[in-house]
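A.B. asks: For reference, this is coords_31.cif, and it has mmCIF, N, CA and C atoms.
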data_final
loop_
_atom_site.group_PDB
_atom_site.id
_atom_site.type_symbol
_atom_site.label_atom_id
_atom_site.label_comp_id
_atom_site.auth_asym_id
_atom_site.auth_seq_id
_atom_site.Cartn_x
_atom_site.Cartn_y
_atom_site.Cartn_z
ATOM 1 N N MET O 1 -24.991 50.877 84.325
ATOM 2 C CA MET O 1 -23.907 51.803 84.637
ATOM 3 C C MET O 1 -24.181 53.150 83.963
ATOM 4 N N LYS O 2 -23.840 54.216 84.637
ATOM 5 C CA LYS O 2 -24.042 55.567 84.112
ATOM 6 C C LYS O 2 -23.099 55.840 82.945
ATOM 7 N N ARG O 3 -23.645 56.401 81.886
ATOM 8 C CA ARG O 3 -22.844 56.786 80.725
ATOM 9 C C ARG O 3 -22.178 58.133 81.003
ATOM 10 N N LEU O 4 -20.912 58.243 80.653
ATOM 11 C CA LEU O 4 -20.203 59.502 80.816
ATOM 12 C C LEU O 4 -20.629 60.469 79.718
ATOM 13 N N ARG O 5 -20.870 61.696 80.108
ATOM 14 C CA ARG O 5 -21.283 62.751 79.167
ATOM 15 C C ARG O 5 -20.029 63.493 78.706
ATOM 16 N N VAL O 6 -19.867 63.619 77.379
ATOM 17 C CA VAL O 6 -18.648 64.170 76.783
ATOM 18 C C VAL O 6 -18.975 65.418 75.960
ATOM 19 N N VAL O 7 -18.110 66.430 76.067
ATOM 20 C CA VAL O 7 -18.167 67.611 75.211
ATOM 21 C C VAL O 7 -16.834 67.694 74.461
ATOM 22 N N VAL O 8 -16.896 67.956 73.157
ATOM 23 C CA VAL O 8 -15.704 68.087 72.316
ATOM 24 C C VAL O 8 -15.559 69.549 71.909
ATOM 25 N N VAL O 9 -14.386 70.137 72.192
ATOM 26 C CA VAL O 9 -14.107 71.533 71.848
ATOM 27 C C VAL O 9 -12.872 71.552 70.949
ATOM 28 N N GLU O 10 -13.067 71.929 69.699
ATOM 29 C CA GLU O 10 -11.995 71.918 68.695
ATOM 30 C C GLU O 10 -12.348 72.924 67.617
ATOM 31 N N ASP O 11 -11.385 73.791 67.253
ATOM 32 C CA ASP O 11 -11.678 74.837 66.274
ATOM 33 C C ASP O 11 -11.717 74.335 64.841
ATOM 34 N N GLU O 12 -11.035 73.264 64.515
ATOM 35 C CA GLU O 12 -11.033 72.753 63.148
ATOM 36 C C GLU O 12 -12.216 71.807 62.969
ATOM 37 N N TYR O 13 -13.125 72.190 62.085
ATOM 38 C CA TYR O 13 -14.383 71.467 61.882
ATOM 39 C C TYR O 13 -14.178 69.966 61.648
ATOM 40 N N TYR O 14 -13.311 69.613 60.686
ATOM 41 C CA TYR O 14 -13.146 68.205 60.329
ATOM 42 C C TYR O 14 -12.460 67.408 61.432
ATOM 43 N N VAL O 15 -11.591 68.032 62.184
ATOM 44 C CA VAL O 15 -10.967 67.358 63.323
ATOM 45 C C VAL O 15 -12.025 67.096 64.397
ATOM 46 N N ARG O 16 -12.834 68.120 64.678
ATOM 47 C CA ARG O 16 -13.909 67.979 65.683
ATOM 48 C C ARG O 16 -14.865 66.859 65.291
ATOM 49 N N LYS O 17 -15.331 66.881 64.035
ATOM 50 C CA LYS O 17 -16.248 65.839 63.573
ATOM 51 C C LYS O 17 -15.558 64.479 63.550
ATOM 52 N N GLY O 18 -14.264 64.469 63.241
ATOM 53 C CA GLY O 18 -13.502 63.213 63.263
ATOM 54 C C GLY O 18 -13.441 62.606 64.649
ATOM 55 N N ILE O 19 -13.208 63.437 65.653
ATOM 56 C CA ILE O 19 -13.191 62.951 67.038
ATOM 57 C C ILE O 19 -14.556 62.391 67.410
ATOM 58 N N ILE O 20 -15.580 63.108 67.051
ATOM 59 C CA ILE O 20 -16.944 62.679 67.399
ATOM 60 C C ILE O 20 -17.317 61.389 66.687
ATOM 61 N N ASN O 21 -16.940 61.261 65.416
ATOM 62 C CA ASN O 21 -17.384 60.116 64.616
ATOM 63 C C ASN O 21 -16.411 58.937 64.568
ATOM 64 N N SER O 22 -15.188 59.102 65.066
ATOM 65 C CA SER O 22 -14.186 58.043 64.973
ATOM 66 C C SER O 22 -14.230 57.036 66.112
ATOM 67 N N PHE O 23 -14.894 57.384 67.166
ATOM 68 C CA PHE O 23 -14.951 56.493 68.322
ATOM 69 C C PHE O 23 -16.338 55.885 68.458
ATOM 70 N N ASP O 24 -16.387 54.665 68.960
ATOM 71 C CA ASP O 24 -17.668 54.063 69.305
ATOM 72 C C ASP O 24 -17.943 54.466 70.746
ATOM 73 N N TRP O 25 -18.502 55.662 70.902
ATOM 74 C CA TRP O 25 -18.737 56.217 72.238
ATOM 75 C C TRP O 25 -19.642 55.306 73.056
ATOM 76 N N ASN O 26 -20.589 54.660 72.397
ATOM 77 C CA ASN O 26 -21.497 53.757 73.083
ATOM 78 C C ASN O 26 -20.738 52.597 73.727
ATOM 79 N N GLU O 27 -19.782 52.043 72.991
ATOM 80 C CA GLU O 27 -18.965 50.946 73.517
ATOM 81 C C GLU O 27 -18.138 51.407 74.720
ATOM 82 N N LEU O 28 -17.736 52.671 74.704
ATOM 83 C CA LEU O 28 -16.958 53.236 75.804
ATOM 84 C C LEU O 28 -17.846 53.711 76.955
ATOM 85 N N GLU O 29 -19.149 53.449 76.820
ATOM 86 C CA GLU O 29 -20.142 53.876 77.809
ATOM 87 C C GLU O 29 -20.131 55.397 77.983
ATOM 88 N N CYS O 30 -20.019 56.086 76.832
ATOM 89 C CA CYS O 30 -20.011 57.545 76.798
ATOM 90 C C CYS O 30 -21.041 58.036 75.785
ATOM 91 N N GLU O 31 -21.384 59.306 75.915
ATOM 92 C CA GLU O 31 -22.296 59.951 74.982
ATOM 93 C C GLU O 31 -21.805 61.379 74.750
ATOM 94 N N VAL O 32 -21.605 61.745 73.487
ATOM 95 C CA VAL O 32 -21.214 63.116 73.164
ATOM 96 C C VAL O 32 -22.480 63.974 73.258
ATOM 97 N N VAL O 33 -22.481 64.880 74.227
ATOM 98 C CA VAL O 33 -23.666 65.700 74.480
ATOM 99 C C VAL O 33 -23.538 67.113 73.930
ATOM 100 N N GLY O 34 -22.318 67.495 73.492
ATOM 101 C CA GLY O 34 -22.138 68.835 72.967
ATOM 102 C C GLY O 34 -20.807 68.990 72.265
ATOM 103 N N GLU O 35 -20.719 70.058 71.478
ATOM 104 C CA GLU O 35 -19.478 70.384 70.780
ATOM 105 C C GLU O 35 -19.408 71.891 70.594
ATOM 106 N N ALA O 36 -18.181 72.392 70.459
ATOM 107 C CA ALA O 36 -17.980 73.827 70.258
ATOM 108 C C ALA O 36 -16.747 74.039 69.397
ATOM 109 N N GLN O 37 -16.729 75.191 68.685
ATOM 110 C CA GLN O 37 -15.619 75.471 67.776
ATOM 111 C C GLN O 37 -14.562 76.414 68.344
ATOM 112 N N ASN O 38 -14.724 76.873 69.569
ATOM 113 C CA ASN O 38 -13.660 77.648 70.211
ATOM 114 C C ASN O 38 -13.823 77.567 71.727
ATOM 115 N N GLY O 39 -12.803 78.006 72.430
ATOM 116 C CA GLY O 39 -12.807 77.895 73.885
ATOM 117 C C GLY O 39 -13.906 78.687 74.569
ATOM 118 N N LYS O 40 -14.229 79.852 74.034
ATOM 119 C CA LYS O 40 -15.266 80.678 74.654
ATOM 120 C C LYS O 40 -16.630 79.994 74.571
ATOM 121 N N LYS O 41 -16.982 79.497 73.383
ATOM 122 C CA LYS O 41 -18.242 78.771 73.228
ATOM 123 C C LYS O 41 -18.195 77.462 74.015
ATOM 124 N N GLY O 42 -17.019 76.853 74.054
ATOM 125 C CA GLY O 42 -16.857 75.630 74.837
ATOM 126 C C GLY O 42 -17.136 75.863 76.308
ATOM 127 N N ALA O 43 -16.635 76.976 76.840
ATOM 128 C CA ALA O 43 -16.860 77.296 78.257
ATOM 129 C C ALA O 43 -18.345 77.453 78.554
ATOM 130 N N VAL O 44 -19.071 78.078 77.625
ATOM 131 C CA VAL O 44 -20.520 78.263 77.808
ATOM 132 C C VAL O 44 -21.225 76.904 77.807
ATOM 133 N N ILE O 45 -20.876 76.053 76.853
ATOM 134 C CA ILE O 45 -21.512 74.732 76.755
ATOM 135 C C ILE O 45 -21.161 73.873 77.964
ATOM 136 N N ILE O 46 -19.914 73.944 78.410
ATOM 137 C CA ILE O 46 -19.496 73.168 79.578
ATOM 138 C C ILE O 46 -20.262 73.619 80.820
ATOM 139 N N GLU O 47 -20.402 74.910 80.983
ATOM 140 C CA GLU O 47 -21.155 75.446 82.127
ATOM 141 C C GLU O 47 -22.615 74.997 82.073
ATOM 142 N N GLU O 48 -23.174 74.996 80.876
ATOM 143 C CA GLU O 48 -24.584 74.644 80.694
ATOM 144 C C GLU O 48 -24.839 73.134 80.851
ATOM 145 N N LEU O 49 -23.996 72.311 80.219
ATOM 146 C CA LEU O 49 -24.237 70.868 80.170
ATOM 147 C C LEU O 49 -23.578 70.071 81.295
ATOM 148 N N ARG O 50 -22.547 70.647 81.920
ATOM 149 C CA ARG O 50 -21.834 69.984 83.022
ATOM 150 C C ARG O 50 -21.411 68.553 82.665
ATOM 151 N N PRO O 51 -20.593 68.385 81.604
ATOM 152 C CA PRO O 51 -20.185 67.037 81.186
ATOM 153 C C PRO O 51 -19.203 66.417 82.178
ATOM 154 N N ASP O 52 -19.046 65.110 82.057
ATOM 155 C CA ASP O 52 -18.073 64.384 82.884
ATOM 156 C C ASP O 52 -16.674 64.480 82.279
ATOM 157 N N VAL O 53 -16.601 64.572 80.951
ATOM 158 C CA VAL O 53 -15.324 64.590 80.220
ATOM 159 C C VAL O 53 -15.368 65.700 79.172
ATOM 160 N N VAL O 54 -14.252 66.424 79.037
ATOM 161 C CA VAL O 54 -14.103 67.419 77.974
ATOM 162 C C VAL O 54 -12.870 67.046 77.164
ATOM 163 N N VAL O 55 -13.056 66.873 75.857
ATOM 164 C CA VAL O 55 -11.943 66.637 74.942
ATOM 165 C C VAL O 55 -11.737 67.968 74.234
ATOM 166 N N THR O 56 -10.563 68.595 74.446
ATOM 167 C CA THR O 56 -10.362 69.929 73.908
ATOM 168 C C THR O 56 -9.000 70.112 73.265
ATOM 169 N N ASP O 57 -9.000 70.960 72.261
ATOM 170 C CA ASP O 57 -7.763 71.451 71.660
ATOM 171 C C ASP O 57 -7.222 72.492 72.636
ATOM 172 N N ILE O 58 -5.918 72.643 72.704
ATOM 173 C CA ILE O 58 -5.351 73.645 73.612
ATOM 174 C C ILE O 58 -5.235 74.994 72.913
ATOM 175 N N GLU O 59 -4.766 74.985 71.667
ATOM 176 C CA GLU O 59 -4.532 76.234 70.948
ATOM 177 C C GLU O 59 -5.673 76.516 69.979
ATOM 178 N N MET O 60 -6.533 77.473 70.350
ATOM 179 C CA MET O 60 -7.681 77.836 69.527
ATOM 180 C C MET O 60 -7.840 79.345 69.528
ATOM 181 N N PRO O 61 -8.517 79.884 68.497
ATOM 182 C CA PRO O 61 -8.786 81.316 68.507
ATOM 183 C C PRO O 61 -9.831 81.668 69.562
ATOM 184 N N VAL O 62 -9.912 82.912 69.913
ATOM 185 C CA VAL O 62 -10.850 83.481 70.875
ATOM 186 C C VAL O 62 -10.448 83.148 72.315
ATOM 187 N N MET O 63 -10.314 81.864 72.640
ATOM 188 C CA MET O 63 -9.948 81.448 74.004
ATOM 189 C C MET O 63 -9.310 80.061 73.907
ATOM 190 N N SER O 64 -8.222 79.843 74.620
ATOM 191 C CA SER O 64 -7.525 78.554 74.553
ATOM 192 C C SER O 64 -8.334 77.467 75.272
ATOM 193 N N GLY O 65 -7.954 76.237 75.024
ATOM 194 C CA GLY O 65 -8.598 75.110 75.687
ATOM 195 C C GLY O 65 -8.143 74.900 77.112
ATOM 196 N N ILE O 66 -7.143 75.649 77.538
ATOM 197 C CA ILE O 66 -6.673 75.533 78.926
ATOM 198 C C ILE O 66 -7.647 76.210 79.836
#
So that I can check it, write out the structure of this file as structure tokens.

C.D. replies:
Amino acid sequence: MKRLRVVVVEDEYYVRKGIINSFDWNELECEVVGEAQNGKKGAVIIEELRPDVVVTDIEMPVMSGI
């Protein structure tokens, strides 16, 4: 089965790392392929990597997660 590619976008470093490290992504048949610390960088990474799932904060500096 194809593994879902995930990008995590969160401005708070420890929250972002917590999301990445708190789940057994392998068990969920997912792989975290990228991360970003704000919406603008997240948009660039999403455009580049074309993930299946994006886990994002809504309220961030520079650009929102919406």

A.B. asks: Find the smallest box with edges along x, y and z containing every listed atom of stretch 40-57 of chain O, then add 4 Å on each side and report centre and edge lengths in Å to one decimal, as AutoDock Vina command-line options.

C.D. replies:
--center_x -16.0 --center_y 72.5 --center_z 77.3 --size_x 25.6 --size_y 24.3 --size_z 19.4

A.B. asks: Which residues come within 6 Å of O:Glu31, counting only C-alpha atoms, excluding same-chain residues fewer than 4 positions away, as a PyMOL selection string?

C.D. replies: chain O and resi 5-6+25

A.B. asks: Could you tell me, as a ChimeraX atom specification, which residues of chain O DSSP assigns to alpha helix (DSSP H) when given the backbone?

C.D. replies: /O:13-22,39-49

A.B. asks: Convert the output of the PyMOL selection byres (((chain O and resi 47-49 and name CA) around 9) and name CA) on the shown file into explicit residues, formatted as a PyMOL selection string.

C.D. replies: chain O and resi 5+7+33-34+42-46+50-51

A.B. asks: For each of O:Ile66, O:Met60, O:Met1, O:Val32, take the minimum atom-to-atom distance to O:Ile19, counting only C-alpha atoms, then give the residue where this is smallest.

C.D. replies: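 The closest residue to O:Ile19 is O:Val32.
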
A.B. asks: Record the distance separating atom CA of O:Arg3 and atom CA of O:Ala36, expressed in Å with one decimal.

C.D. replies: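 Atom-to-atom, atom CA of O:Arg3 and atom CA of O:Ala36 are spaced 20.6 Å apart.
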
A.B. asks: Check the smallest atom-to-atom distance from each of O:Glu29, O:Glu35, O:Glu10, O:Gly18 to O:Asp57 using all atoms listed in the file, then report the winner.

C.D. replies: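 Looking at the shortest contact to O:Asp57, the residue is O:Glu10.
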
A.B. asks: Measuring atom to atom with only N, CA and C atoms, identify which of O:Ser64, O:Cys30, O:Val54, O:Lys41 is nearest to O:Lys2.

C.D. replies: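 Of O:Ser64, O:Cys30, O:Val54, O:Lys41, the one nearest O:Lys2, counting only N, CA and C atoms, is O:Cys30.
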
A.B. asks: Work out how far atom CA of O:Thr56 is from atom N of O:Val8, in Å to one decimal.

C.D. replies: 6.9 Å

A.B. asks: Taking only chain O into account, list the residues labelled strand (DSSP E or B) by DSSP (computed from the backbone), as a PDB file with N, CA and C atoms, keeping the file's coordinate frame.

C.D. replies:
ATOM      1  N   LEU O   4     -20.912  58.243  80.653  1.00  0.00           N
ATOM      2  CA  LEU O   4     -20.203  59.502  80.816  1.00  0.00           C
ATOM      3  C   LEU O   4     -20.629  60.469  79.718  1.00  0.00           C
ATOM      4  N   ARG O   5     -20.870  61.696  80.108  1.00  0.00           N
ATOM      5  CA  ARG O   5     -21.283  62.751  79.167  1.00  0.00           C
ATOM      6  C   ARG O   5     -20.029  63.493  78.706  1.00  0.00           C
ATOM      7  N   VAL O   6     -19.867  63.619  77.379  1.00  0.00           N
ATOM      8  CA  VAL O   6     -18.648  64.170  76.783  1.00  0.00           C
ATOM      9  C   VAL O   6     -18.975  65.418  75.960  1.00  0.00           C
ATOM     10  N   VAL O   7     -18.110  66.430  76.067  1.00  0.00           N
ATOM     11  CA  VAL O   7     -18.167  67.611  75.211  1.00  0.00           C
ATOM     12  C   VAL O   7     -16.834  67.694  74.461  1.00  0.00           C
ATOM     13  N   VAL O   8     -16.896  67.956  73.157  1.00  0.00           N
ATOM     14  CA  VAL O   8     -15.704  68.087  72.316  1.00  0.00           C
ATOM     15  C   VAL O   8     -15.559  69.549  71.909  1.00  0.00           C
ATOM     16  N   VAL O   9     -14.386  70.137  72.192  1.00  0.00           N
ATOM     17  CA  VAL O   9     -14.107  71.533  71.848  1.00  0.00           C
ATOM     18  C   VAL O   9     -12.872  71.552  70.949  1.00  0.00           C
ATOM     19  N   CYS O  30     -20.019  56.086  76.832  1.00  0.00           N
ATOM     20  CA  CYS O  30     -20.011  57.545  76.798  1.00  0.00           C
ATOM     21  C   CYS O  30     -21.041  58.036  75.785  1.00  0.00           C
ATOM     22  N   GLU O  31     -21.384  59.306  75.915  1.00  0.00           N
ATOM     23  CA  GLU O  31     -22.296  59.951  74.982  1.00  0.00           C
ATOM     24  C   GLU O  31     -21.805  61.379  74.750  1.00  0.00           C
ATOM     25  N   VAL O  32     -21.605  61.745  73.487  1.00  0.00           N
ATOM     26  CA  VAL O  32     -21.214  63.116  73.164  1.00  0.00           C
ATOM     27  C   VAL O  32     -22.480  63.974  73.258  1.00  0.00           C
ATOM     28  N   VAL O  33     -22.481  64.880  74.227  1.00  0.00           N
ATOM     29  CA  VAL O  33     -23.666  65.700  74.480  1.00  0.00           C
ATOM     30  C   VAL O  33     -23.538  67.113  73.930  1.00  0.00           C
ATOM     31  N   GLY O  34     -22.318  67.495  73.492  1.00  0.00           N
ATOM     32  CA  GLY O  34     -22.138  68.835  72.967  1.00  0.00           C
ATOM     33  C   GLY O  34     -20.807  68.990  72.265  1.00  0.00           C
ATOM     34  N   GLU O  35     -20.719  70.058  71.478  1.00  0.00           N
ATOM     35  CA  GLU O  35     -19.478  70.384  70.780  1.00  0.00           C
ATOM     36  C   GLU O  35     -19.408  71.891  70.594  1.00  0.00           C
ATOM     37  N   ALA O  36     -18.181  72.392  70.459  1.00  0.00           N
ATOM     38  CA  ALA O  36     -17.980  73.827  70.258  1.00  0.00           C
ATOM     39  C   ALA O  36     -16.747  74.039  69.397  1.00  0.00           C
ATOM     40  N   VAL O  53     -16.601  64.572  80.951  1.00  0.00           N
ATOM     41  CA  VAL O  53     -15.324  64.590  80.220  1.00  0.00           C
ATOM     42  C   VAL O  53     -15.368  65.700  79.172  1.00  0.00           C
ATOM     43  N   VAL O  54     -14.252  66.424  79.037  1.00  0.00           N
ATOM     44  CA  VAL O  54     -14.103  67.419  77.974  1.00  0.00           C
ATOM     45  C   VAL O  54     -12.870  67.046  77.164  1.00  0.00           C
ATOM     46  N   VAL O  55     -13.056  66.873  75.857  1.00  0.00           N
ATOM     47  CA  VAL O  55     -11.943  66.637  74.942  1.00  0.00           C
ATOM     48  C   VAL O  55     -11.737  67.968  74.234  1.00  0.00           C
ATOM     49  N   THR O  56     -10.563  68.595  74.446  1.00  0.00           N
ATOM     50  CA  THR O  56     -10.362  69.929  73.908  1.00  0.00           C
ATOM     51  C   THR O  56      -9.000  70.112  73.265  1.00  0.00           C
TER      52      THR O  56
END

A.B. asks: Please evaluate the PyMOL selection byres (((chain O and resi 61 and name CA) around 10) and name CA) against the structure above and give the resulting residues as a list of chain:residue names.

C.D. replies: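 Output from the PyMOL selection byres (((chain O and resi 61 and name CA) around 10) and name CA), applied to this file: O:Glu10, O:Asp11, O:Gln37, O:Asn38, O:Gly39, O:Lys40, O:Ile58, O:Glu59, O:Met60, O:Val62, O:Met63, O:Ser64, O:Gly65.
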
A.B. asks: So the first atom is atom C of O:Leu28 and the second is atom C of O:Tyr13; what is the distance between them in Å, to one decimal place?

C.D. replies: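 A separation of 22.6 Å between them.
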